[in-house]
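Peer 1: I'm passing along model_4.cif; it holds mmCIF, C-alpha atoms and all ligand atoms.
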data_structure
loop_
_atom_site.group_PDB
_atom_site.id
_atom_site.type_symbol
_atom_site.label_atom_id
_atom_site.label_comp_id
_atom_site.auth_asym_id
_atom_site.auth_seq_id
_atom_site.Cartn_x
_atom_site.Cartn_y
_atom_site.Cartn_z
ATOM 1 C CA LEU A 11 9.947 6.763 -28.736
ATOM 2 C CA GLU A 12 12.987 6.584 -26.460
ATOM 3 C CA LEU A 13 13.082 5.287 -22.940
ATOM 4 C CA GLU A 14 16.189 5.906 -20.848
ATOM 5 C CA GLY A 15 18.130 6.488 -24.055
ATOM 6 C CA VAL A 16 17.010 3.229 -25.680
ATOM 7 C CA ALA A 17 14.896 3.361 -28.828
ATOM 8 C CA VAL A 18 11.649 1.417 -28.438
ATOM 9 C CA ARG A 19 10.320 -0.237 -31.553
ATOM 10 C CA PRO A 20 6.716 0.657 -32.396
ATOM 11 C CA GLY A 21 5.222 -2.758 -31.592
ATOM 12 C CA ALA A 22 6.696 -2.654 -28.091
ATOM 13 C CA GLU A 23 5.204 0.723 -27.185
ATOM 14 C CA ALA A 24 2.425 -0.786 -25.140
ATOM 15 C CA LEU A 25 4.862 -2.651 -22.908
ATOM 16 C CA VAL A 26 6.617 0.585 -22.070
ATOM 17 C CA PHE A 27 3.357 2.406 -21.375
ATOM 18 C CA ALA A 28 2.226 -0.353 -19.069
ATOM 19 C CA GLN A 29 5.418 0.129 -17.030
ATOM 20 C CA ASP A 30 5.559 3.891 -16.859
ATOM 21 C CA LYS A 31 2.467 5.685 -15.618
ATOM 22 C CA GLY A 32 3.690 9.065 -16.926
ATOM 23 C CA LEU A 33 4.339 7.856 -20.486
ATOM 24 C CA MET A 34 1.119 5.844 -20.355
ATOM 25 C CA ARG A 35 -1.007 8.847 -19.328
ATOM 26 C CA GLN A 36 0.710 11.004 -21.959
ATOM 27 C CA ARG A 37 -0.019 8.507 -24.743
ATOM 28 C CA LEU A 38 -3.604 7.958 -23.599
ATOM 29 C CA ALA A 39 -4.105 11.727 -23.542
ATOM 30 C CA GLU A 40 -2.849 11.870 -27.156
ATOM 31 C CA LEU A 41 -5.474 9.249 -28.015
ATOM 32 C CA ALA A 42 -8.132 11.452 -26.328
ATOM 33 C CA MET A 43 -8.980 8.697 -23.844
ATOM 34 C CA PRO A 44 -11.024 9.722 -20.804
ATOM 35 C CA LEU A 45 -8.499 10.196 -17.968
ATOM 36 C CA PRO A 46 -8.405 11.586 -14.454
ATOM 37 C CA ARG A 47 -6.864 15.084 -14.388
ATOM 38 C CA TRP A 48 -3.097 14.528 -13.987
ATOM 39 C CA ARG A 49 0.356 16.084 -14.313
ATOM 40 C CA ARG A 50 4.013 15.159 -13.860
ATOM 41 C CA VAL A 51 5.428 16.684 -10.690
ATOM 42 C CA SER A 52 8.681 16.683 -8.769
ATOM 43 C CA ARG A 53 8.087 19.402 -6.133
ATOM 44 C CA ALA A 54 5.383 20.105 -3.581
ATOM 45 C CA SER A 55 4.872 23.568 -5.093
ATOM 46 C CA GLU A 56 3.858 21.862 -8.347
ATOM 47 C CA VAL A 57 1.341 19.741 -6.459
ATOM 48 C CA ALA A 58 -0.046 22.907 -4.865
ATOM 49 C CA ALA A 59 -0.259 24.554 -8.300
ATOM 50 C CA PHE A 60 -2.048 21.494 -9.707
ATOM 51 C CA VAL A 61 -4.606 21.741 -6.915
ATOM 52 C CA ALA A 62 -4.986 25.508 -7.309
ATOM 53 C CA GLU A 63 -5.666 25.060 -11.033
ATOM 54 C CA GLY A 64 -8.707 22.862 -10.687
ATOM 55 C CA SER A 65 -8.610 20.023 -8.134
ATOM 56 C CA SER A 66 -8.744 19.911 -4.364
ATOM 57 C CA PHE A 67 -6.916 17.953 -1.685
ATOM 58 C CA PRO A 68 -6.685 15.063 -1.195
ATOM 59 C CA VAL A 69 -4.897 14.195 -4.432
ATOM 60 C CA VAL A 70 -3.103 11.005 -5.446
ATOM 61 C CA LEU A 71 0.662 10.871 -5.995
ATOM 62 C CA LYS A 72 2.040 7.943 -7.975
ATOM 63 C CA ALA A 73 5.540 6.729 -8.730
ATOM 64 C CA THR A 74 5.734 6.576 -12.511
ATOM 65 C CA ARG A 75 7.558 3.233 -12.434
ATOM 66 C CA GLY A 76 8.058 0.209 -10.238
ATOM 67 C CA GLY A 77 4.773 0.247 -8.299
ATOM 68 C CA TYR A 78 2.244 -2.569 -7.943
ATOM 69 C CA ASP A 79 -0.563 -3.511 -5.561
ATOM 70 C CA GLY A 80 -0.765 0.089 -4.356
ATOM 71 C CA LYS A 81 2.964 0.293 -3.561
ATOM 72 C CA GLY A 82 3.899 3.553 -5.222
ATOM 73 C CA VAL A 83 0.458 5.159 -4.752
ATOM 74 C CA TRP A 84 -0.089 7.742 -1.984
ATOM 75 C CA VAL A 85 -3.133 9.797 -1.069
ATOM 76 C CA VAL A 86 -1.862 13.183 0.139
ATOM 77 C CA HIS A 87 -3.908 15.707 2.054
ATOM 78 C CA ASP A 88 -1.623 18.747 1.960
ATOM 79 C CA PRO A 89 1.595 20.068 0.387
ATOM 80 C CA ALA A 90 3.681 19.033 3.418
ATOM 81 C CA ALA A 91 2.644 15.395 2.951
ATOM 82 C CA ALA A 92 3.422 15.698 -0.771
ATOM 83 C CA ASP A 93 6.860 17.070 0.092
ATOM 84 C CA GLU A 94 7.635 14.036 2.213
ATOM 85 C CA ILE A 95 6.640 11.564 -0.535
ATOM 86 C CA LEU A 96 8.454 13.471 -3.276
ATOM 87 C CA ALA A 97 11.661 13.253 -1.236
ATOM 88 C CA HIS A 98 11.838 9.430 -1.844
ATOM 89 C CA ASP A 99 15.042 9.252 -3.822
ATOM 90 C CA GLN A 100 14.464 5.680 -5.050
ATOM 91 C CA VAL A 101 11.525 6.827 -7.166
ATOM 92 C CA PRO A 102 12.442 7.856 -10.737
ATOM 93 C CA GLY A 103 9.457 10.185 -11.232
ATOM 94 C CA PHE A 104 6.012 11.133 -10.008
ATOM 95 C CA ILE A 105 2.623 12.086 -11.335
ATOM 96 C CA VAL A 106 -0.159 13.737 -9.382
ATOM 97 C CA GLU A 107 -3.806 12.976 -10.068
ATOM 98 C CA GLU A 108 -7.154 14.225 -8.926
ATOM 99 C CA MET A 109 -8.781 11.845 -6.431
ATOM 100 C CA VAL A 110 -11.590 10.359 -8.518
ATOM 101 C CA PRO A 111 -14.901 9.910 -6.653
ATOM 102 C CA PHE A 112 -15.626 6.687 -8.527
ATOM 103 C CA THR A 113 -18.675 4.531 -7.843
ATOM 104 C CA ARG A 114 -16.660 1.367 -8.469
ATOM 105 C CA GLU A 115 -13.614 0.072 -10.307
ATOM 106 C CA LEU A 116 -13.898 -1.862 -13.550
ATOM 107 C CA SER A 117 -11.529 -3.812 -15.728
ATOM 108 C CA ALA A 118 -11.948 -4.297 -19.454
ATOM 109 C CA MET A 119 -9.730 -6.997 -20.923
ATOM 110 C CA VAL A 120 -9.043 -7.689 -24.559
ATOM 111 C CA ALA A 121 -6.881 -10.132 -26.489
ATOM 112 C CA ARG A 122 -5.320 -8.967 -29.739
ATOM 113 C CA SER A 123 -3.234 -10.826 -32.307
ATOM 114 C CA PRO A 124 -0.511 -9.463 -34.629
ATOM 115 C CA SER A 125 -2.876 -9.737 -37.581
ATOM 116 C CA GLY A 126 -5.260 -7.403 -35.757
ATOM 117 C CA GLN A 127 -7.983 -9.799 -34.627
ATOM 118 C CA ALA A 128 -9.265 -8.782 -31.203
ATOM 119 C CA VAL A 129 -11.833 -10.058 -28.709
ATOM 120 C CA ALA A 130 -13.237 -8.303 -25.643
ATOM 121 C CA TYR A 131 -14.030 -10.069 -22.365
ATOM 122 C CA PRO A 132 -17.098 -9.148 -20.325
ATOM 123 C CA VAL A 133 -16.351 -5.997 -18.301
ATOM 124 C CA VAL A 134 -15.769 -6.941 -14.649
ATOM 125 C CA GLN A 135 -15.904 -5.116 -11.330
ATOM 126 C CA THR A 136 -12.759 -5.185 -9.215
ATOM 127 C CA VAL A 137 -12.846 -4.540 -5.488
ATOM 128 C CA GLN A 138 -9.598 -3.024 -4.221
ATOM 129 C CA ARG A 139 -8.556 -2.470 -0.632
ATOM 130 C CA ASP A 140 -5.401 -0.471 0.109
ATOM 131 C CA GLY A 141 -4.554 -0.626 -3.572
ATOM 132 C CA ILE A 142 -4.758 -4.441 -3.701
ATOM 133 C CA CYS A 143 -7.374 -6.297 -5.719
ATOM 134 C CA HIS A 144 -9.388 -8.492 -3.347
ATOM 135 C CA GLU A 145 -12.377 -9.569 -5.407
ATOM 136 C CA VAL A 146 -13.602 -9.657 -9.004
ATOM 137 C CA TYR A 147 -17.235 -9.982 -10.105
ATOM 138 C CA ALA A 148 -17.860 -11.028 -13.700
ATOM 139 C CA PRO A 149 -19.714 -9.407 -15.308
ATOM 140 C CA ALA A 150 -19.794 -6.112 -13.355
ATOM 141 C CA PRO A 151 -23.113 -6.453 -11.483
ATOM 142 C CA GLY A 152 -25.976 -4.508 -13.020
ATOM 143 C CA ILE A 153 -23.795 -2.778 -15.590
ATOM 144 C CA ASP A 154 -25.833 -1.080 -18.279
ATOM 145 C CA PRO A 155 -25.069 -2.877 -21.588
ATOM 146 C CA GLU A 156 -24.254 0.387 -23.376
ATOM 147 C CA HIS A 157 -21.869 1.365 -20.600
ATOM 148 C CA ALA A 158 -20.161 -2.037 -20.826
ATOM 149 C CA VAL A 159 -19.797 -1.745 -24.592
ATOM 150 C CA ALA A 160 -18.307 1.744 -24.189
ATOM 151 C CA ALA A 161 -15.707 0.347 -21.763
ATOM 152 C CA GLN A 162 -14.916 -2.530 -24.147
ATOM 153 C CA GLN A 163 -14.528 -0.062 -27.007
ATOM 154 C CA VAL A 164 -12.046 1.997 -24.994
ATOM 155 C CA ALA A 165 -9.986 -1.154 -24.385
ATOM 156 C CA LEU A 166 -10.203 -2.312 -28.016
ATOM 157 C CA ARG A 167 -9.218 1.119 -29.259
ATOM 158 C CA ILE A 168 -6.194 1.282 -26.935
ATOM 159 C CA ALA A 169 -5.128 -2.221 -28.009
ATOM 160 C CA GLY A 170 -5.410 -1.247 -31.666
ATOM 161 C CA GLU A 171 -3.652 2.129 -31.343
ATOM 162 C CA LEU A 172 -0.775 0.680 -29.312
ATOM 163 C CA ASP A 173 -0.540 -2.392 -31.560
ATOM 164 C CA VAL A 174 -0.906 -4.703 -28.572
ATOM 165 C CA VAL A 175 -0.148 -8.400 -29.045
ATOM 166 C CA GLY A 176 -1.552 -10.675 -26.337
ATOM 167 C CA MET A 177 -3.738 -9.703 -23.401
ATOM 168 C CA LEU A 178 -4.371 -6.125 -22.344
ATOM 169 C CA ALA A 179 -6.197 -5.157 -19.156
ATOM 170 C CA VAL A 180 -7.539 -1.626 -18.879
ATOM 171 C CA GLU A 181 -8.266 -0.661 -15.265
ATOM 172 C CA MET A 182 -11.017 1.929 -15.120
ATOM 173 C CA PHE A 183 -12.900 4.100 -12.678
ATOM 174 C CA ASP A 184 -16.677 4.022 -13.100
ATOM 175 C CA THR A 185 -18.286 7.432 -12.597
ATOM 176 C CA PRO A 186 -21.786 8.731 -13.303
ATOM 177 C CA ALA A 187 -20.300 10.696 -16.226
ATOM 178 C CA GLY A 188 -18.703 7.578 -17.783
ATOM 179 C CA VAL A 189 -15.521 5.559 -17.377
ATOM 180 C CA LEU A 190 -12.033 7.012 -16.823
ATOM 181 C CA VAL A 191 -8.931 4.980 -17.647
ATOM 182 C CA ASN A 192 -6.726 4.361 -14.597
ATOM 183 C CA GLU A 193 -3.944 2.158 -15.899
ATOM 184 C CA LEU A 194 -2.936 -0.491 -18.399
ATOM 185 C CA ALA A 195 -1.553 -3.957 -17.759
ATOM 186 C CA MET A 196 -0.084 -5.529 -20.870
ATOM 187 C CA ARG A 197 -0.424 -9.140 -19.819
ATOM 188 C CA PRO A 198 -2.797 -11.666 -18.361
ATOM 189 C CA HIS A 199 -4.043 -9.825 -15.278
ATOM 190 C CA ASN A 200 -5.528 -10.623 -11.883
ATOM 191 C CA SER A 201 -8.852 -9.156 -13.047
ATOM 192 C CA GLY A 202 -9.004 -11.894 -15.704
ATOM 193 C CA HIS A 203 -8.380 -14.933 -13.482
ATOM 194 C CA TRP A 204 -12.149 -15.542 -13.171
ATOM 195 C CA GLY A 205 -12.130 -16.654 -16.811
ATOM 196 C CA ILE A 206 -10.093 -19.814 -16.122
ATOM 197 C CA ASP A 207 -13.306 -21.276 -14.682
ATOM 198 C CA GLY A 208 -15.915 -18.821 -15.932
ATOM 199 C CA ALA A 209 -15.153 -18.079 -19.597
ATOM 200 C CA VAL A 210 -15.190 -20.254 -22.717
ATOM 201 C CA THR A 211 -11.550 -19.273 -23.323
ATOM 202 C CA SER A 212 -9.331 -18.117 -20.464
ATOM 203 C CA GLN A 213 -7.057 -15.090 -20.724
ATOM 204 C CA PHE A 214 -4.061 -17.438 -20.629
ATOM 205 C CA GLU A 215 -5.262 -19.475 -23.601
ATOM 206 C CA ASN A 216 -6.124 -16.335 -25.546
ATOM 207 C CA HIS A 217 -2.757 -14.784 -24.692
ATOM 208 C CA LEU A 218 -1.037 -17.812 -26.240
ATOM 209 C CA ARG A 219 -3.350 -17.875 -29.216
ATOM 210 C CA ALA A 220 -2.686 -14.167 -29.739
ATOM 211 C CA VAL A 221 1.106 -14.310 -29.585
ATOM 212 C CA LEU A 222 1.045 -17.322 -31.926
ATOM 213 C CA ASP A 223 -1.319 -15.425 -34.259
ATOM 214 C CA LEU A 224 -3.858 -18.242 -34.050
ATOM 215 C CA PRO A 225 -7.590 -17.496 -34.259
ATOM 216 C CA LEU A 226 -8.722 -16.204 -30.869
ATOM 217 C CA GLY A 227 -11.104 -18.131 -28.630
ATOM 218 C CA ASP A 228 -14.562 -17.073 -27.471
ATOM 219 C CA PRO A 229 -14.218 -14.769 -24.422
ATOM 220 C CA SER A 230 -17.858 -15.173 -23.341
ATOM 221 C CA ALA A 231 -18.818 -16.113 -19.797
ATOM 222 C CA THR A 232 -20.126 -19.649 -19.327
ATOM 223 C CA ALA A 233 -22.328 -18.763 -16.331
ATOM 224 C CA PRO A 234 -24.448 -15.726 -15.460
ATOM 225 C CA VAL A 235 -22.121 -14.789 -12.563
ATOM 226 C CA THR A 236 -18.532 -15.649 -11.677
ATOM 227 C CA VAL A 237 -16.847 -14.499 -8.476
ATOM 228 C CA MET A 238 -13.079 -14.617 -7.890
ATOM 229 C CA VAL A 239 -11.628 -13.883 -4.447
ATOM 230 C CA ASN A 240 -7.872 -13.487 -4.016
ATOM 231 C CA LEU A 241 -6.085 -15.398 -1.307
ATOM 232 C CA LEU A 242 -3.662 -13.000 0.370
ATOM 233 C CA GLY A 243 -1.218 -14.568 2.802
ATOM 234 C CA GLY A 244 -2.500 -14.728 6.390
ATOM 235 C CA ASP A 245 -1.563 -16.694 9.502
ATOM 236 C CA LEU A 246 -1.392 -20.121 7.840
ATOM 237 C CA THR A 247 1.894 -20.906 6.151
ATOM 238 C CA ASP A 248 1.115 -24.525 5.189
ATOM 239 C CA LEU A 249 -2.029 -24.197 3.103
ATOM 240 C CA TYR A 250 -2.384 -27.863 2.178
ATOM 241 C CA PRO A 251 -4.614 -29.132 5.026
ATOM 242 C CA ALA A 252 -6.910 -26.119 4.636
ATOM 243 C CA TYR A 253 -6.929 -26.654 0.885
ATOM 244 C CA LEU A 254 -8.159 -30.245 1.318
ATOM 245 C CA HIS A 255 -10.782 -29.090 3.818
ATOM 246 C CA CYS A 256 -12.122 -26.434 1.433
ATOM 247 C CA MET A 257 -12.215 -28.861 -1.518
ATOM 248 C CA ALA A 258 -14.260 -31.328 0.509
ATOM 249 C CA ARG A 259 -16.528 -28.766 2.162
ATOM 250 C CA ASP A 260 -17.677 -27.160 -1.114
ATOM 251 C CA PRO A 261 -17.041 -29.265 -4.219
ATOM 252 C CA GLY A 262 -18.437 -26.437 -6.364
ATOM 253 C CA LEU A 263 -15.444 -24.187 -5.697
ATOM 254 C CA LYS A 264 -12.334 -23.910 -7.833
ATOM 255 C CA LEU A 265 -9.281 -23.465 -5.627
ATOM 256 C CA HIS A 266 -6.124 -22.152 -7.279
ATOM 257 C CA MET A 267 -2.883 -22.296 -5.294
ATOM 258 C CA TYR A 268 0.196 -20.646 -6.770
ATOM 259 C CA GLY A 269 2.769 -22.642 -4.807
ATOM 260 C CA LYS A 270 4.402 -19.453 -3.549
ATOM 261 C CA VAL A 271 5.904 -18.982 -0.105
ATOM 262 C CA VAL A 272 3.126 -17.501 2.038
ATOM 263 C CA LYS A 273 3.895 -13.981 3.279
ATOM 264 C CA PRO A 274 1.404 -11.611 4.893
ATOM 265 C CA GLY A 275 -0.610 -9.835 2.193
ATOM 266 C CA ARG A 276 1.097 -11.635 -0.709
ATOM 267 C CA LYS A 277 -1.200 -13.006 -3.438
ATOM 268 C CA VAL A 278 -0.737 -16.771 -3.053
ATOM 269 C CA GLY A 279 -3.882 -18.119 -4.705
ATOM 270 C CA HIS A 280 -7.486 -17.437 -5.591
ATOM 271 C CA VAL A 281 -10.878 -19.095 -5.279
ATOM 272 C CA THR A 282 -13.526 -18.985 -8.004
ATOM 273 C CA ALA A 283 -17.180 -19.960 -8.096
ATOM 274 C CA THR A 284 -19.664 -19.756 -10.948
ATOM 275 C CA GLY A 285 -23.446 -19.697 -10.693
ATOM 276 C CA THR A 286 -26.393 -17.382 -10.741
ATOM 277 C CA ALA A 287 -26.585 -15.575 -7.367
ATOM 278 C CA LEU A 288 -23.772 -13.146 -6.521
ATOM 279 C CA ASP A 289 -24.477 -13.273 -2.762
ATOM 280 C CA ASP A 290 -24.277 -17.062 -2.573
ATOM 281 C CA LEU A 291 -21.055 -17.138 -4.621
ATOM 282 C CA LEU A 292 -19.525 -14.409 -2.461
ATOM 283 C CA ASP A 293 -20.424 -16.230 0.782
ATOM 284 C CA ARG A 294 -18.828 -19.437 -0.415
ATOM 285 C CA THR A 295 -15.658 -17.999 -1.956
ATOM 286 C CA ARG A 296 -15.068 -15.599 0.972
ATOM 287 C CA HIS A 297 -15.558 -18.439 3.435
ATOM 288 C CA ALA A 298 -12.942 -20.573 1.686
ATOM 289 C CA VAL A 299 -10.447 -17.721 1.549
ATOM 290 C CA ALA A 300 -10.967 -16.905 5.246
ATOM 291 C CA TYR A 301 -10.368 -20.575 6.066
ATOM 292 C CA LEU A 302 -7.260 -20.752 3.875
ATOM 293 C CA ARG A 303 -5.851 -17.658 5.587
ATOM 294 C CA GLY A 304 -6.489 -19.125 9.004
ATOM 295 C CA ASP A 305 -8.978 -16.397 9.941
ATOM 296 C CA ILE A 306 -11.641 -19.013 10.798
ATOM 297 C CA ASP A 307 -11.426 -22.698 11.684
ATOM 298 C CA GLU A 308 -14.727 -24.173 10.553
HETATM 299 N N1 LIG B 401 -6.787 9.028 -9.061
HETATM 300 C C1 LIG B 401 -7.301 8.139 -8.204
HETATM 301 N N2 LIG B 401 -8.443 8.418 -7.528
HETATM 302 C C2 LIG B 401 -8.940 7.532 -6.640
HETATM 303 N N3 LIG B 401 -8.399 6.338 -6.365
HETATM 304 C C3 LIG B 401 -7.268 5.993 -7.010
HETATM 305 C C4 LIG B 401 -6.663 6.882 -7.955
HETATM 306 N N4 LIG B 401 -5.566 6.266 -8.450
HETATM 307 C C5 LIG B 401 -5.481 5.072 -7.831
HETATM 308 N N5 LIG B 401 -6.493 4.903 -6.954
HETATM 309 C C6 LIG B 401 -6.716 3.684 -6.132
HETATM 310 O O1 LIG B 401 -5.469 3.035 -5.907
HETATM 311 C C7 LIG B 401 -5.443 1.756 -6.560
HETATM 312 C C8 LIG B 401 -4.038 1.484 -7.104
HETATM 313 O O2 LIG B 401 -3.673 2.476 -8.045
HETATM 314 P P1 LIG B 401 -3.002 2.079 -9.428
HETATM 315 O O3 LIG B 401 -2.665 3.327 -10.148
HETATM 316 O O4 LIG B 401 -3.879 1.119 -10.141
HETATM 317 O O5 LIG B 401 -1.631 1.424 -8.923
HETATM 318 P P2 LIG B 401 -1.052 -0.066 -8.956
HETATM 319 O O6 LIG B 401 -0.014 -0.005 -10.025
HETATM 320 O O7 LIG B 401 -0.498 -0.271 -7.595
HETATM 321 O O8 LIG B 401 -2.189 -0.998 -9.290
HETATM 322 C C9 LIG B 401 -6.516 1.844 -7.625
HETATM 323 O O9 LIG B 401 -6.999 0.566 -7.979
HETATM 324 C C10 LIG B 401 -7.565 2.692 -6.907
HETATM 325 O O10 LIG B 401 -8.287 1.902 -5.954
HETATM 326 MG MG MG B 402 -3.714 -0.851 -10.629
#
Would you mind writing the file's structure down as structure tokens?

Peer 2:
Amino acid sequence: LELEGVAVRPGAEALVFAQDKGLMRQRLAELAMPLPRWRRVSRASEVAAFVAEGSSFPVVLKATRGGYDGKGVWVVHDPAAADEILAHDQVPGFIVEEMVPFTRELSAMVARSPSGQAVAYPVVQTVQRDGICHEVYAPAPGIDPEHAVAAQQVALRIAGELDVVGMLAVEMFDTPAGVLVNELAMRPHNSGHWGIDGAVTSQFENHLRAVLDLPLGDPSATAPVTVMVNLLGGDLTDLYPAYLHCMARDPGLKLHMYGKVVKPGRKVGHVTATGTALDDLLDRTRHAVAYLRGDIDE
């Protein structure tokens, strides 16, 4: 494999695929993984042809490289809108995809070591708004065990085929017909942060164990339900007083602050709670995040 004229050694394939959505889709297609219908495009006429051959507007245009948190993902409703996006000269390449009518989004994470040992985390549900992950529920509520195992097997198979070392997150769309792979993240991932407080071995510990080729730790959940809510920058810029308030108000919460400069919409921390009732955990974690953003004051 060559990327921009540089030969990529086999073990590093997965890193490249995680950074280039076109190469990633191509490789996953070769592995016969379930994917949304997709194609590389550079002109609006190609988008129109893609639609004519079996999809319908709206479709999703994606920059092949450089995107994150929904930057580099556009829903387009007609060829004129596609034309406008495709004119961005900073973007090295585009793919178009069918708009998947998913019932929810899932993430299947695995850790894999150079000697080939691999472990699969419980499959989680991710809740995205405007392309940004807001919440994670572990395990995905009500997921049928066979469905969860199928998603884990997809992730384990990708990790094995791409010779992944460390953590791999496979973002998926859940549909009545089964899961479709959306994208790969070759690293500890936001959808795995719940495990710091809710799994026997966190993704960070297993990432280190994997790269050191040590035996991997147990990825099982320690509680029936874990909820993780991201803290995206809001009105408050000094989070410390709110942080103390939230610690005192609900000692059962785990508050994680990243020490980053707070900017609107930037991921600057997350709040986790473990227990048995999803609704209760959601109320408490969402309350803390709203307080930390400055949306509420009690
Ligand atoms: N083909 C699609 N159909 C429907 N929704 C999509 C599609 N592709 C992406 N999305 C939505 O946009 C979000 C971000 O897209 P993604 O490809 O994961 O980009 P990013 O690299 O920004 O995470 C997804 O989590 C999903 O909510
Ligand atoms: Mg994504």

Peer 1: What residues have any atom no more than 8 Å from ligand MG 402 (chain B) when counting all atoms listed in the file, and can you list them as a list of chain:residue names?

Peer 2: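 The distance check yields A:Tyr78, A:Asp79, A:Gly80, A:Gly141, A:Ile142, A:Glu181, A:Asn192, A:Glu193, A:Leu194.
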
Peer 1: Would you mind exporting the chosen residues as an mmCIF file, in the frame of the given file, restricted to C-alpha atoms?

Peer 2:
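Resulting contents of result-v5.cif:
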data_model
loop_
_atom_site.group_PDB
_atom_site.id
_atom_site.type_symbol
_atom_site.label_atom_id
_atom_site.label_comp_id
_atom_site.auth_asym_id
_atom_site.auth_seq_id
_atom_site.Cartn_x
_atom_site.Cartn_y
_atom_site.Cartn_z
ATOM 1 C CA TYR A 78 2.244 -2.569 -7.943
ATOM 2 C CA ASP A 79 -0.563 -3.511 -5.561
ATOM 3 C CA GLY A 80 -0.765 0.089 -4.356
ATOM 4 C CA GLY A 141 -4.554 -0.626 -3.572
ATOM 5 C CA ILE A 142 -4.758 -4.441 -3.701
ATOM 6 C CA GLU A 181 -8.266 -0.661 -15.265
ATOM 7 C CA ASN A 192 -6.726 4.361 -14.597
ATOM 8 C CA GLU A 193 -3.944 2.158 -15.899
ATOM 9 C CA LEU A 194 -2.936 -0.491 -18.399
#

Peer 1: Compare A:Ser123, A:Gln162, A:Thr113, A:Thr232 by their minimum atom-to-atom distance to ligand LIG 401 (chain B), counting all atoms listed in the file, and give me the closest one.

Peer 2: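 Selected residue with least distance to ligand LIG 401 (chain B): A:Thr113.
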
Peer 1: For a quick check of understanding, using all atoms listed in the file, which of A:Pro186, A:Pro198, A:Pro234, A:Pro111 has the smallest distance to Ala150 of chain A?

Peer 2: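 The closest residue to Ala150 of chain A is A:Pro234.
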
Peer 1: Between atom CA of Asn216 of chain A and atom CA of Ser125 of chain A, what distance in Å does the model show, to one decimal?

Peer 2: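 Going from atom CA of Asn216 of chain A over to atom CA of Ser125 of chain A covers 14.1 Å.
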
Peer 1: Excluding same-chain residues fewer than 6 positions from segment 61-68 of chain A, what lies within 7 Å of it counting only C-alpha atoms, as a ChimeraX atom specification?

Peer 2: /A:85-88,108-109

Peer 1: Choose the residue, out of A:Arg35, A:Lys277, A:Lys270, A:Arg167, that has the smallest atom-to-atom separation from His144 of chain A; count all atoms listed in the file.

Peer 2: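 Distance minimum relative to His144 of chain A lands on A:Lys277.
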
Peer 1: Would you translate the PyMOL selection byres (((chain A and resi 115) around 6) and not hetatm) into the concrete set of residues it matches in this file, as JSON, numbers by chain?

Peer 2: {"A": [114, 116, 135, 136, 182, 183, 184]}

Peer 1: Selected by the PyMOL selection byres (((chain A and resi 201-204) around 9) and not hetatm) in the shown coordinates: which residues, as a PyMOL selection string?

Peer 2: chain A and resi 116-119+131+134-136+143+145-148+179+181+198-200+205-209+212-214+236-239+280-284

Peer 1: Expand the PyMOL selection byres (((chain A and resi 288) around 9) and not hetatm) into the explicit residue set it covers here, and present it as a VMD selection string.

Peer 2: chain A and resid 147 151 235 to 237 284 to 287 289 to 293

Peer 1: Provide an axis-aligned box for all listed atoms of ligand LIG 401 (chain B), padding each side by 5 Å; report its centre and its edge lengths in Å to one decimal, as JSON.

Peer 2:
{"center_x": -4.5, "center_y": 4.0, "center_z": -8.0, "size_x": 18.9, "size_y": 20.0, "size_z": 14.2}

Peer 1: To one decimal place, how far is atom CA of Glu308 of chain A from atom CA of Ala258 of chain A in Å?

Peer 2: 12.3 Å

Peer 1: To one decimal place, how far is atom CA of Asp248 of chain A from atom P2 of ligand LIG 401 (chain B) in Å?

Peer 2: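 Separating atom CA of Asp248 of chain A from atom P2 of ligand LIG 401 (chain B) is a distance of 28.3 Å.
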
Peer 1: Looking at A:Pro251, A:Ala298, A:Val110, A:Pro89, which one is nearest to Thr185 of chain A, with distances taken over only C-alpha atoms?

Peer 2: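 The shortest atom-to-atom distance to Thr185 of chain A comes from A:Val110.
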
Peer 1: Point out the residue among A:Gly275, A:Gly76, A:Gly269, A:Pro44 with the least atom-to-atom distance to ligand LIG 401 (chain B), counting only C-alpha atoms and all ligand atoms.

Peer 2: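 Once distances to ligand LIG 401 (chain B) are computed over only C-alpha atoms and all ligand atoms, the minimum belongs to A:Gly76.
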
Peer 1: Determine the nearest neighbour of Phe27 of chain A from the options A:Leu222, A:Leu249, A:Val174, A:Ala42, counting all atoms listed in the file.

Peer 2: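 Of A:Leu222, A:Leu249, A:Val174, A:Ala42, the one nearest Phe27 of chain A is A:Val174, counting all atoms listed in the file.
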
Peer 1: Can you tell me, as an NGL selection string, what residues are no more than 8 Å from Ala158 of chain A when counting only C-alpha atoms, ignoring any on the same chain fewer than 4 positions away?

Peer 2: :A and (132-133 or 153-154 or 162)
